[in-house]
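Trainee: I'd like to ask some things about the structure below.
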Amino acid sequence: MLKLEELTYLWDNWEAIKRYIESAKCCFLAFDFDGTLAPIVNDPAKASMTECIRDCFLRLQEVNCVSVAILSGRSLDDLQDRIQVPGIALAGDHGLKVQLPDGSKHYLAEKPSRNIFRSLIAEVDEAVDHIPNIQIELKEFSLTIHFRGASEKRGAELEDILGRIVESTPYRLQPGRMCWEINPDVDCDKGKAFDWIKERLTGNKSNLFQLYIGDDRTDEDVFRIMPDSGISVLVVSAEIKSRTHAEYRLNSQQDTVEFIEKLTAYLSGQTGIS
Ligand SMILES: [Mg+2]
């Protein structure tokens, strides 16, 4: 794993990326959503994809042999509402539920029990009720407890409370950017979803340009399984200070937007890809 200061700035590798794309038969481009395609906002319900990214994704639909996927902790339905671009594969609930560009939906692990989930929600609700400025984001199979409106001290307090609740359930507690995620403890994560979607959309061609950009700890599951030939990129922020499996960095969400614009312009004008 690398320290953040050891990551290569992605723009410094732009010429090499172009050469790589020129020699590749196909491209598989995958992205996290919040903090990557959409700026982080205080109210997660108000997050929306940067408009020029939507334009880029629409343009990429016209390019042969370029596949795009978005992998998020949000529920699949929520993600779909916020993307609204046809032809893109989407993975919700950290890869548990996937929608392919043909509209087909797939569970990559067994669906957790509704009853257990409902009682977990009630328990969490009751336990954090007294803590001010906490937001609970309810997904189809998971929960995110945001403390961006509170303080880091509240975050530590929440870890104790939520850890005790989750202990005796088939769920696991995972840290995120100013939040705690309670996810089903199943053999499924964004890394599995990345590989699964890639295989279906590209047939795992040997000469494949593959890229993943994400900003948070659950994106490490993709960075970790990225083959040596792939480009794994962390969008750095003051909220994540730990080491990473990513190899490259972008400096902000805006930096990410500019990179995707440049990549789209290059791919749109690139005749070598067929
Ligand atoms: Mg994110």
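Chains: A, B, ... in order of the structure tokens. Residues: from 1 per chain. Ligands: from 1, in order shown.
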Around ligand 1, at most 8 Å away and counting only C-alpha atoms and all ligand atoms, which residues are there? Put them as a list in words, please.
Mentor: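 Those within range of ligand 1 are Asp32, Phe33, Asp34, Gly35, Thr36, Ser72, Gly73, Arg177, Gly214, Asp215, Asp216 and Asp219 of chain A.
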Trainee: Give me a file of those residues, with N, CA and C atoms, as an mmCIF file, in the first residue's frame.
Mentor:
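Everything below was put into result.cif:
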data_model
loop_
_atom_site.group_PDB
_atom_site.id
_atom_site.type_symbol
_atom_site.label_atom_id
_atom_site.label_comp_id
_atom_site.auth_asym_id
_atom_site.auth_seq_id
_atom_site.Cartn_x
_atom_site.Cartn_y
_atom_site.Cartn_z
ATOM 1 N N ASP A 32 -16.582 5.540 -9.052
ATOM 2 C CA ASP A 32 -17.434 5.687 -7.879
ATOM 3 C C ASP A 32 -18.339 6.903 -8.165
ATOM 4 N N PHE A 33 -19.359 7.123 -7.338
ATOM 5 C CA PHE A 33 -20.262 8.249 -7.601
ATOM 6 C C PHE A 33 -19.959 9.458 -6.693
ATOM 7 N N ASP A 34 -20.314 9.361 -5.398
ATOM 8 C CA ASP A 34 -20.155 10.520 -4.493
ATOM 9 C C ASP A 34 -18.677 10.850 -4.273
ATOM 10 N N GLY A 35 -18.335 12.103 -4.474
ATOM 11 C CA GLY A 35 -16.946 12.530 -4.270
ATOM 12 C C GLY A 35 -16.073 12.289 -5.493
ATOM 13 N N THR A 36 -16.641 11.622 -6.490
ATOM 14 C CA THR A 36 -15.890 11.319 -7.715
ATOM 15 C C THR A 36 -16.606 11.946 -8.917
ATOM 16 N N SER A 72 -21.462 2.230 -6.641
ATOM 17 C CA SER A 72 -21.764 3.138 -5.534
ATOM 18 C C SER A 72 -22.267 2.388 -4.314
ATOM 19 N N GLY A 73 -22.199 3.067 -3.169
ATOM 20 C CA GLY A 73 -22.827 2.530 -1.963
ATOM 21 C C GLY A 73 -24.304 2.865 -1.925
ATOM 22 N N ARG A 177 -16.118 8.324 4.317
ATOM 23 C CA ARG A 177 -15.799 9.748 4.477
ATOM 24 C C ARG A 177 -16.839 10.393 5.367
ATOM 25 N N GLY A 214 -12.018 6.486 -7.608
ATOM 26 C CA GLY A 214 -12.882 6.552 -6.429
ATOM 27 C C GLY A 214 -12.217 7.370 -5.333
ATOM 28 N N ASP A 215 -12.997 7.751 -4.325
ATOM 29 C CA ASP A 215 -12.469 8.674 -3.309
ATOM 30 C C ASP A 215 -12.539 8.138 -1.888
ATOM 31 N N ASP A 216 -13.025 6.909 -1.699
ATOM 32 C CA ASP A 216 -13.342 6.508 -0.326
ATOM 33 C C ASP A 216 -12.796 5.116 -0.012
ATOM 34 N N ASP A 219 -13.729 2.003 -2.030
ATOM 35 C CA ASP A 219 -13.109 1.934 -3.367
ATOM 36 C C ASP A 219 -11.801 1.139 -3.335
#
Trainee: Among the residues of segment 94-188 of chain A, find those DSSP assigns to helix (DSSP H, G or I) from the backbone and print them as a ChimeraX atom specification.
Mentor: /A:94-95,114-128,152-167
Trainee: My list of candidates is A:Leu108, A:Val236, A:Leu267, A:Cys188. Which is closest to Gln254 of chain A when distances are computed with only C-alpha atoms?
Mentor: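 Nearest to Gln254 of chain A: A:Val236.
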Trainee: Quick one: residues within 10 Å of segment 16-19 of chain A, only C-alpha atoms, excluding same-chain residues fewer than 2 positions away - as a PyMOL selection string?
Mentor: chain A and resi 10-14+21-24+209+231+263+266-267+270
Trainee: Could you take the residues named above and write them with C-alpha atoms, as a tab-separated table (two decimals), in the first residue's frame?
Mentor:
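Dumped everything to out-v9.tsv:
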chain	number	residue	atom	x	y	z
A	10	LEU	CA	-2.55	11.08	-12.93
A	11	TRP	CA	-2.00	14.07	-15.21
A	12	ASP	CA	1.76	13.43	-15.11
A	13	ASN	CA	1.04	10.12	-16.81
A	14	TRP	CA	-1.29	11.48	-19.51
A	21	ILE	CA	-5.28	3.52	-25.12
A	22	GLU	CA	-3.86	3.55	-28.66
A	23	SER	CA	-2.55	0.04	-28.22
A	24	ALA	CA	-5.68	-1.31	-26.48
A	209	PHE	CA	-7.45	-0.45	-21.05
A	231	ILE	CA	-5.09	2.46	-13.75
A	263	LEU	CA	-10.26	11.43	-21.64
A	266	TYR	CA	-9.36	11.90	-26.62
A	267	LEU	CA	-11.47	8.73	-26.94
A	270	GLN	CA	-9.37	8.29	-31.36
Trainee: Quick one: everything within 7 Å of Phe194 of chain A, counting only C-alpha atoms, minus sequence neighbours fewer than 4 positions away in the same chain. Send it as a list of chain:residue names.
Mentor: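 Once the adjacent positions are removed, what remains is A:Lys190, A:Lys198, A:Val222.
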